[in-house]
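What's in work-v1.txt: compact mmCIF, C-alpha atoms
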```txt
# COMPACT_ATOMS: atom_id res chain seq x y z
CA MET A 1 10.62 -0.61 23.51
CA PHE A 2 7.09 0.34 22.56
CA GLY A 3 8.03 4.04 22.44
CA ILE A 4 8.19 3.86 18.66
CA PHE A 5 4.46 3.10 18.54
CA LYS A 6 3.57 6.32 20.36
CA PRO A 7 1.68 8.82 18.17
CA ARG A 8 4.14 11.58 19.05
CA THR A 9 7.11 9.52 17.79
CA PHE A 10 5.35 9.00 14.48
CA PHE A 11 4.22 12.62 14.42
CA ASN A 12 7.83 13.79 14.71
CA LEU A 13 8.97 11.17 12.20
CA ALA A 14 6.39 12.47 9.73
CA ASN A 15 7.59 16.06 10.14
CA ASN A 16 11.30 15.29 9.93
CA SER A 17 11.53 12.61 7.29
CA ILE A 18 9.04 13.49 4.55
CA PHE A 19 11.58 15.55 2.53
CA TRP A 20 14.20 12.79 2.55
CA LEU A 21 11.66 10.10 1.78
CA LYS A 22 10.41 12.12 -1.20
CA THR A 23 13.98 12.52 -2.46
CA ILE A 24 14.68 8.78 -2.18
CA PHE A 25 11.33 8.04 -3.85
CA VAL A 26 12.06 10.25 -6.89
CA LEU A 27 15.56 8.77 -7.31
CA THR A 28 14.40 5.15 -7.06
CA LEU A 29 11.45 5.87 -9.36
CA ILE A 30 13.74 7.26 -12.08
CA VAL A 31 16.19 4.33 -11.80
CA GLY A 32 13.35 1.78 -11.52
CA LEU A 33 11.48 3.09 -14.57
CA ILE A 34 14.62 3.24 -16.74
CA LEU A 35 15.46 -0.35 -15.79
CA ALA A 36 11.87 -1.59 -16.14
CA LEU A 37 10.97 0.09 -19.44
CA VAL A 38 14.31 0.39 -21.25
CA LEU A 39 17.17 -1.73 -19.93
CA SER A 40 15.53 -4.95 -18.71
CA PRO A 41 15.40 -7.73 -21.33
CA ILE A 42 12.21 -9.07 -22.88
CA ASP A 43 10.93 -12.48 -21.81
CA TYR A 44 11.43 -15.30 -24.34
CA LEU A 45 7.77 -16.30 -24.04
CA GLN A 46 5.85 -13.21 -22.92
CA LYS A 47 7.97 -10.74 -24.91
CA ASP A 48 7.56 -7.09 -23.85
CA THR A 49 4.44 -7.71 -21.74
CA VAL A 50 6.78 -8.84 -18.96
CA ARG A 51 7.38 -5.12 -18.28
CA ILE A 52 3.92 -5.00 -16.66
CA MET A 53 5.38 -7.26 -13.96
CA TYR A 54 7.43 -4.34 -12.56
CA VAL A 55 4.18 -2.60 -11.56
CA HIS A 56 1.91 -5.60 -11.00
CA VAL A 57 4.07 -7.69 -8.65
CA PRO A 58 5.24 -4.90 -6.27
CA SER A 59 1.63 -3.62 -6.06
CA SER A 60 0.39 -7.11 -5.17
CA TRP A 61 3.09 -7.58 -2.52
CA ILE A 62 2.31 -4.23 -0.92
CA ALA A 63 -1.47 -4.85 -1.01
CA LEU A 64 -0.97 -8.18 0.77
CA PHE A 65 1.58 -6.85 3.25
CA ILE A 66 -0.61 -3.88 4.18
CA PHE A 67 -3.62 -6.12 4.83
CA LEU A 68 -1.40 -8.32 6.99
CA ILE A 69 -0.47 -5.24 9.07
CA ILE A 70 -4.15 -4.19 9.19
CA GLY A 71 -5.14 -7.65 10.44
CA VAL A 72 -2.46 -7.76 13.15
CA SER A 73 -3.18 -4.15 14.19
CA SER A 74 -6.92 -4.91 14.35
CA PHE A 75 -6.21 -7.91 16.56
CA VAL A 76 -4.00 -5.88 18.94
CA SER A 77 -6.53 -3.04 18.98
CA LEU A 78 -9.51 -5.33 19.65
CA ILE A 79 -7.91 -7.64 22.22
CA PHE A 80 -5.52 -5.32 24.08
CA LYS A 81 -7.55 -2.12 23.56
CA ILE A 82 -4.55 -0.20 22.24
CA ARG A 83 -6.35 2.33 20.08
CA VAL A 84 -3.32 3.64 18.22
CA PHE A 85 -3.15 0.35 16.30
CA SER A 86 -6.59 0.92 14.81
CA VAL A 87 -5.39 4.38 13.74
CA TYR A 88 -2.43 2.70 11.99
CA ALA A 89 -4.81 0.34 10.23
CA LYS A 90 -7.21 3.13 9.28
CA SER A 91 -4.34 5.19 7.81
CA LEU A 92 -2.97 2.22 5.85
CA ALA A 93 -6.23 0.90 4.42
CA PRO A 94 -6.70 3.39 1.50
CA ILE A 95 -3.08 2.77 0.45
CA GLY A 96 -3.66 -0.99 0.41
CA LEU A 97 -6.92 -0.50 -1.49
CA VAL A 98 -5.22 1.51 -4.24
CA PHE A 99 -2.37 -1.01 -4.57
CA SER A 100 -4.80 -3.94 -4.70
CA LEU A 101 -6.75 -2.17 -7.47
CA ILE A 102 -3.50 -1.54 -9.36
CA SER A 103 -2.66 -5.22 -8.94
CA ILE A 104 -6.05 -6.34 -10.33
CA VAL A 105 -6.10 -3.89 -13.26
CA THR A 106 -2.48 -4.39 -14.33
CA GLY A 107 -2.92 -8.15 -13.89
CA SER A 108 -5.90 -8.07 -16.26
CA LEU A 109 -3.98 -5.98 -18.78
CA TRP A 110 -1.11 -8.47 -18.56
CA GLY A 111 -3.49 -11.44 -18.72
CA TYR A 112 -5.14 -10.53 -22.03
CA PRO A 113 -2.05 -10.75 -24.29
CA THR A 114 -0.60 -13.76 -22.38
CA TRP A 115 -3.68 -15.84 -21.40
CA GLY A 116 -6.16 -14.52 -23.97
CA THR A 117 -8.58 -13.23 -21.32
CA PHE A 118 -8.78 -10.22 -19.02
CA TRP A 119 -10.38 -12.17 -16.19
CA THR A 120 -11.13 -15.69 -15.00
CA TRP A 121 -12.57 -16.88 -11.69
CA ASP A 122 -9.63 -19.05 -10.69
CA GLY A 123 -8.09 -19.37 -7.22
CA ARG A 124 -5.58 -16.50 -7.34
CA LEU A 125 -7.79 -13.97 -9.12
CA THR A 126 -10.84 -14.73 -6.98
CA SER A 127 -8.89 -14.48 -3.72
CA MET A 128 -7.38 -11.17 -4.89
CA PHE A 129 -10.90 -9.98 -5.74
CA ILE A 130 -11.98 -10.87 -2.17
CA LEU A 131 -9.03 -8.83 -0.89
CA VAL A 132 -10.23 -5.79 -2.87
CA ILE A 133 -13.75 -6.27 -1.47
CA SER A 134 -12.32 -6.53 2.08
CA TYR A 135 -10.44 -3.27 1.54
CA ILE A 136 -13.52 -1.52 0.12
CA LEU A 137 -15.61 -2.76 3.05
CA TYR A 138 -12.97 -1.67 5.58
CA VAL A 139 -12.50 1.82 4.10
CA SER A 140 -16.18 2.50 3.45
CA LEU A 141 -17.30 1.41 6.94
CA TRP A 142 -14.89 3.91 8.52
CA SER A 143 -16.58 6.64 6.44
CA LEU A 144 -20.15 5.42 6.83
CA ILE A 145 -20.27 4.75 10.60
CA LYS A 146 -20.17 8.03 12.48
CA ASN A 147 -19.77 6.48 15.95
CA TYR A 148 -15.97 6.11 16.29
CA ASN A 149 -16.04 3.24 18.81
CA LEU A 150 -18.53 1.21 16.76
CA ALA A 151 -16.62 1.83 13.51
CA GLU A 152 -13.40 0.81 15.24
CA LYS A 153 -14.91 -2.44 16.53
CA ILE A 154 -16.53 -3.47 13.22
CA THR A 155 -13.48 -2.61 11.10
CA ASN A 156 -11.25 -4.49 13.56
CA ILE A 157 -13.41 -7.58 13.01
CA ILE A 158 -13.20 -7.14 9.22
CA GLY A 159 -9.42 -6.79 9.52
CA ILE A 160 -9.11 -10.01 11.55
CA VAL A 161 -11.53 -12.01 9.37
CA GLY A 162 -9.85 -10.71 6.20
CA LEU A 163 -6.55 -12.02 7.49
CA ILE A 164 -7.75 -15.56 6.64
CA ASN A 165 -7.63 -14.59 2.96
CA ILE A 166 -3.89 -13.74 2.97
CA PRO A 167 -2.53 -17.34 3.07
CA ILE A 168 -5.28 -18.34 0.60
CA ILE A 169 -3.95 -15.74 -1.89
CA LYS A 170 -0.37 -16.81 -1.27
CA PHE A 171 -0.95 -20.55 -1.70
CA SER A 172 -3.81 -20.41 -4.25
CA VAL A 173 -1.36 -21.13 -7.09
CA VAL A 174 -0.15 -24.23 -5.23
CA TRP A 175 -3.51 -25.56 -4.00
CA TRP A 176 -5.52 -25.13 -7.22
CA ASN A 177 -4.92 -25.27 -10.95
CA THR A 178 -4.85 -21.65 -12.06
CA LEU A 179 -3.85 -19.64 -15.11
CA HIS A 180 -1.62 -17.61 -12.79
CA GLN A 181 2.00 -18.69 -12.69
CA PRO A 182 3.53 -19.91 -9.40
CA ALA A 183 5.65 -17.51 -7.33
CA SER A 184 9.11 -16.84 -8.82
CA ILE A 185 10.38 -15.30 -5.59
CA THR A 186 9.89 -16.94 -2.20
CA LEU A 187 11.45 -16.45 1.21
CA THR A 188 12.53 -20.07 1.47
CA ALA A 189 14.18 -20.71 -1.91
CA ALA A 190 16.43 -18.96 -4.42
CA PRO A 191 14.51 -16.83 -6.95
CA THR A 192 13.79 -18.47 -10.29
CA ILE A 193 13.88 -15.11 -12.04
CA HIS A 194 17.01 -13.79 -13.80
CA SER A 195 18.94 -11.04 -11.99
CA SER A 196 18.41 -8.62 -14.92
CA MET A 197 14.67 -8.81 -14.19
CA LEU A 198 14.98 -9.21 -10.44
CA ALA A 199 16.86 -5.90 -10.02
CA PRO A 200 14.16 -3.62 -11.54
CA LEU A 201 11.47 -5.63 -9.73
CA LEU A 202 13.11 -5.07 -6.33
CA ILE A 203 13.86 -1.40 -7.08
CA MET A 204 10.24 -0.76 -8.07
CA PHE A 205 9.10 -2.60 -4.93
CA PHE A 206 11.39 -0.43 -2.78
CA CYS A 207 10.11 2.68 -4.60
CA PHE A 208 6.46 1.73 -3.94
CA CYS A 209 7.32 0.97 -0.29
CA ILE A 210 8.78 4.47 0.12
CA LEU A 211 5.72 6.02 -1.51
CA SER A 212 3.45 3.98 0.76
CA LEU A 213 5.40 5.20 3.78
CA ILE A 214 5.12 8.85 2.65
CA ILE A 215 1.36 8.57 2.14
CA PHE A 216 0.97 6.63 5.40
CA LEU A 217 2.79 9.35 7.38
CA ILE A 218 0.57 12.04 5.82
CA ARG A 219 -2.63 10.09 6.52
CA TYR A 220 -1.49 9.07 10.01
CA LYS A 221 -0.77 12.69 10.90
CA TYR A 222 -4.26 13.61 9.69
CA GLU A 223 -5.90 10.80 11.67
CA ILE A 224 -4.05 11.65 14.90
CA ILE A 225 -4.89 15.37 14.72
CA ASN A 226 -8.48 14.54 13.80
CA PHE A 227 -8.80 12.00 16.63
CA ARG A 228 -7.27 14.31 19.26
CA VAL A 229 -9.35 17.32 18.26
CA ASN A 230 -12.63 15.40 18.03
CA LYS A 231 -11.93 13.73 21.38
CA LYS A 232 -12.05 17.10 23.18
CA MET B 1 13.04 4.79 -32.67
CA ILE B 2 10.64 6.57 -30.32
CA LEU B 3 7.68 4.93 -32.04
CA GLU B 4 9.39 1.57 -31.72
CA PHE B 5 9.87 2.20 -27.99
CA LEU B 6 6.23 3.27 -27.56
CA ASN B 7 5.02 0.26 -29.54
CA MET B 8 6.87 -2.17 -27.21
CA GLY B 9 6.83 -5.02 -29.70
CA GLY B 10 3.11 -4.61 -30.35
CA TYR B 11 2.12 -4.71 -26.68
CA GLY B 12 2.45 -0.96 -26.03
CA LEU B 13 -1.25 -0.45 -25.40
CA TYR B 14 -1.34 -2.94 -22.48
CA ILE B 15 1.99 -1.83 -21.02
CA TRP B 16 1.33 1.93 -21.17
CA LEU B 17 -2.24 1.48 -19.89
CA SER B 18 -0.85 -0.44 -16.89
CA TYR B 19 1.73 2.21 -16.09
CA ALA B 20 -0.78 5.03 -16.66
CA PHE B 21 -3.37 3.44 -14.37
CA ALA B 22 -0.78 2.94 -11.61
CA THR B 23 0.52 6.51 -12.01
CA PHE B 24 -2.91 8.17 -11.92
CA SER B 25 -4.14 6.03 -9.01
CA LEU B 26 -1.10 6.82 -6.89
CA ILE B 27 -1.14 10.54 -7.77
CA PHE B 28 -4.85 10.61 -6.86
CA LEU B 29 -4.19 8.88 -3.53
CA TYR B 30 -1.34 11.25 -2.70
CA TYR B 31 -3.39 14.31 -3.72
CA VAL B 32 -6.40 13.24 -1.64
CA SER B 33 -4.18 12.49 1.39
CA VAL B 34 -2.40 15.88 1.21
CA LYS B 35 -5.72 17.68 0.67
CA LYS B 36 -7.19 15.94 3.74
CA LEU B 37 -4.21 16.94 5.87
CA ASN B 38 -4.28 20.54 4.60
CA SER B 39 -7.98 20.76 5.44
CA ILE B 40 -7.20 20.38 9.14
CA LYS B 41 -3.87 22.26 9.17
CA ASN B 42 -5.71 25.22 10.71
CA ILE B 43 -6.52 23.14 13.80
CA GLU B 44 -3.07 21.52 14.10
CA HIS B 45 -2.16 24.15 16.69
CA LEU B 46 -4.70 22.55 19.07
CA TYR B 47 -2.67 19.35 19.02
CA GLN B 48 0.57 21.31 19.47
CA ALA B 49 -1.00 23.26 22.36
CA GLU B 50 -2.01 19.99 24.00
CA LYS B 51 1.59 18.75 23.68
CA ALA B 52 2.90 21.96 25.31
CA THR B 53 0.44 21.60 28.20
CA GLU B 54 1.43 17.99 28.77
CA VAL B 55 5.13 18.88 28.81
CA SER B 56 4.67 21.76 31.26
CA VAL B 57 2.51 19.62 33.55
CA SER B 58 5.09 16.82 33.58
CA GLN B 59 7.87 19.34 34.31
CA GLU B 60 5.86 20.69 37.22
CA ALA B 61 5.29 17.17 38.49
CA ASN B 62 8.99 16.38 38.35
CA ARG B 63 9.82 19.28 40.62
CA PHE B 64 8.03 17.74 43.61
```
Written form, structure tokens:
Amino acid sequence: MFGIFKPRTFFNLANNSIFWLKTIFVLTLIVGLILALVLSPIDYLQKDTVRIMYVHVPSSWIALFIFLIIGVSSFVSLIFKIRVFSVYAKSLAPIGLVFSLISIVTGSLWGYPTWGTFWTWDGRLTSMFILVISYILYVSLWSLIKNYNLAEKITNIIGIVGLINIPIIKFSVVWWNTLHQPASITLTAAPTIHSSMLAPLLIMFFCFCILSLIIFLIRYKYEIINFRVNKK
Amino acid sequence: MILEFLNMGGYGLYIWLSYAFATFSLIFLYYVSVKKLNSIKNIEHLYQAEKATEVSVSQEANRF
């Protein structure tokens, strides 16, 4: 059952699937961009600025989801001493960092024409800012600490502690009064967004997921080779 | 018509800046990741050699 977590399985997956993943990525990107920028309707209130949503929301989802994986992997690595999970987390972290930065920047660019400000220290924005800081801390400590075991331990702790922030981000729009709108799509209820906007949103999300997987496989391959060679 | 599309109802600057930032960030991330992998491609054979050794050892072990 745990065979899929073996480095060699992922190594082979990386070699065999990259071409197909790239093909799917290009196709979904073309369809997603046409839908997002041309065919999707404008919002009655936000007008054309709603098109920023097709980049902002998928980036935020991926940034959150990746940190969730990092947190769980860090926990498994720290408690059960299964080192491959910290390699997963290390490979994923720069991807999550970039998506969280995209989320913050596109959110600010969306905020100015709709809220009248690029930034405000409300619940959602502050918790997202903390997520970016957690990512920066996680990625930079891996580069700064030369002792692999020490870096692994410290980053695992950051991953586990940072996990606390994930539900705070998710429920910040419910717990506090914020400028940020509540979630339009949840796992427990029907989406409150029209299907003509939901389709490009989900396609762009799928497209970003594929891209994340491609970059993860490249980085994971690098980390495994690097780890094996340096171990000798 | 093209200008109208680029203008995006007067919000073109914010929309195109968002898409441009996302595009350049992701291209940069992909480029850095590929460059990192290519930098150690010359030592990939060490990993492959290790795999070959492990396989031959396990085959030997299975014989007895």
At a cut-off of 8 Å, which residues of chain B touch chain A? Count only C-alpha atoms and give the answer as a CSV table (one decimal) with C-alpha atoms, in the coordinates of the input.
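New file part-v8.csv:
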```csv
chain,number,residue,atom,x,y,z
B,8,MET,CA,6.9,-2.2,-27.2
B,9,GLY,CA,6.8,-5.0,-29.7
B,11,TYR,CA,2.1,-4.7,-26.7
B,14,TYR,CA,-1.3,-2.9,-22.5
B,15,ILE,CA,2.0,-1.8,-21.0
B,17,LEU,CA,-2.2,1.5,-19.9
B,18,SER,CA,-0.8,-0.4,-16.9
B,19,TYR,CA,1.7,2.2,-16.1
B,21,PHE,CA,-3.4,3.4,-14.4
B,22,ALA,CA,-0.8,2.9,-11.6
B,25,SER,CA,-4.1,6.0,-9.0
B,26,LEU,CA,-1.1,6.8,-6.9
B,29,LEU,CA,-4.2,8.9,-3.5
B,30,TYR,CA,-1.3,11.2,-2.7
B,33,SER,CA,-4.2,12.5,1.4
B,34,VAL,CA,-2.4,15.9,1.2
B,36,LYS,CA,-7.2,15.9,3.7
B,37,LEU,CA,-4.2,16.9,5.9
B,40,ILE,CA,-7.2,20.4,9.1
B,43,ILE,CA,-6.5,23.1,13.8
B,44,GLU,CA,-3.1,21.5,14.1
B,46,LEU,CA,-4.7,22.6,19.1
B,47,TYR,CA,-2.7,19.4,19.0
```
For this session: Record the distance separating CA of Ala14 (chain A) and CA of Ala93 (chain A), expressed in Å with one decimal.
Result: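 Computing the Euclidean distance for CA of Ala14 (chain A) and CA of Ala93 (chain A) yields 17.9 Å.
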Exercise. How far is it from CA of Met128 (chain A) to CA of Met197 (chain A), in Å with one decimal?
Worked result: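 Interatomic distance, CA of Met128 (chain A) to CA of Met197 (chain A): 24.0 Å.
Candidate residues A:Val161, A:Arg124, A:Pro191, A:Asp43 were compared for distance to Val174 (chain A), and the nearest is A:Arg124, using all atoms listed in the file.
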Exercise. Quick one: distance from CA of Leu198 (chain A) to CA of Ile30 (chain A) in Å, one decimal?
Worked result: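 Interatomic distance here is 16.6 Å.
In terms of minimum interatomic distance to Asn177 (chain A), A:Trp121 ranks closest within A:Leu202, A:Trp121, A:Ile154, A:Val84, counting only C-alpha atoms.
Among the candidate residues A:Ile66, A:Val26, A:Met204, A:Leu137, the one lying nearest to Leu163 (chain A) is A:Ile66, with distances computed using all atoms listed in the file.
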Exercise. So which residues touch Phe206 (chain A) within 12 Å, counting only C-alpha atoms, skipping near sequence neighbours fewer than 4 positions away, as an MDAnalysis selection string?
Worked result: chainID A and resid 21 24:29 31:32 54:55 57:59 61:62 199:202 210:213
Could you please fill out region 28-43 of chain A with N, CA and C atoms and send it back as a short mmCIF file (atom, residue, chain, number, x, y, z; two decimals), in the frame of the given file?
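Produced file selection21.cif, reproduced below:
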```
data_model
loop_
_atom_site.label_atom_id
_atom_site.label_comp_id
_atom_site.auth_asym_id
_atom_site.auth_seq_id
_atom_site.Cartn_x
_atom_site.Cartn_y
_atom_site.Cartn_z
N THR A 28 14.66 6.57 -6.77
CA THR A 28 14.40 5.15 -7.06
C THR A 28 13.38 4.98 -8.19
N LEU A 29 12.44 5.94 -8.28
CA LEU A 29 11.45 5.87 -9.36
C LEU A 29 12.13 6.04 -10.72
N ILE A 30 13.04 7.02 -10.80
CA ILE A 30 13.74 7.26 -12.08
C ILE A 30 14.56 6.02 -12.47
N VAL A 31 15.35 5.52 -11.52
CA VAL A 31 16.19 4.33 -11.80
C VAL A 31 15.30 3.13 -12.13
N GLY A 32 14.25 2.93 -11.33
CA GLY A 32 13.35 1.78 -11.52
C GLY A 32 12.67 1.81 -12.88
N LEU A 33 12.18 3.00 -13.29
CA LEU A 33 11.48 3.09 -14.57
C LEU A 33 12.42 2.89 -15.75
N ILE A 34 13.64 3.43 -15.65
CA ILE A 34 14.62 3.24 -16.74
C ILE A 34 14.94 1.74 -16.88
N LEU A 35 15.16 1.10 -15.74
CA LEU A 35 15.46 -0.35 -15.79
C LEU A 35 14.26 -1.15 -16.31
N ALA A 36 13.07 -0.80 -15.80
CA ALA A 36 11.87 -1.59 -16.14
C ALA A 36 11.46 -1.42 -17.60
N LEU A 37 11.52 -0.17 -18.10
CA LEU A 37 10.97 0.09 -19.44
C LEU A 37 12.02 0.07 -20.55
N VAL A 38 13.29 0.28 -20.20
CA VAL A 38 14.31 0.39 -21.25
C VAL A 38 15.36 -0.73 -21.17
N LEU A 39 15.99 -0.86 -20.01
CA LEU A 39 17.17 -1.73 -19.93
C LEU A 39 16.88 -3.21 -19.68
N SER A 40 15.78 -3.52 -19.02
CA SER A 40 15.53 -4.95 -18.71
C SER A 40 15.20 -5.71 -20.00
N PRO A 41 15.63 -6.98 -20.09
CA PRO A 41 15.40 -7.73 -21.33
C PRO A 41 13.95 -8.19 -21.47
N ILE A 42 13.57 -8.53 -22.69
CA ILE A 42 12.21 -9.07 -22.88
C ILE A 42 12.22 -10.56 -22.53
N ASP A 43 11.05 -11.05 -22.15
CA ASP A 43 10.93 -12.48 -21.81
C ASP A 43 10.83 -13.30 -23.11
#
```
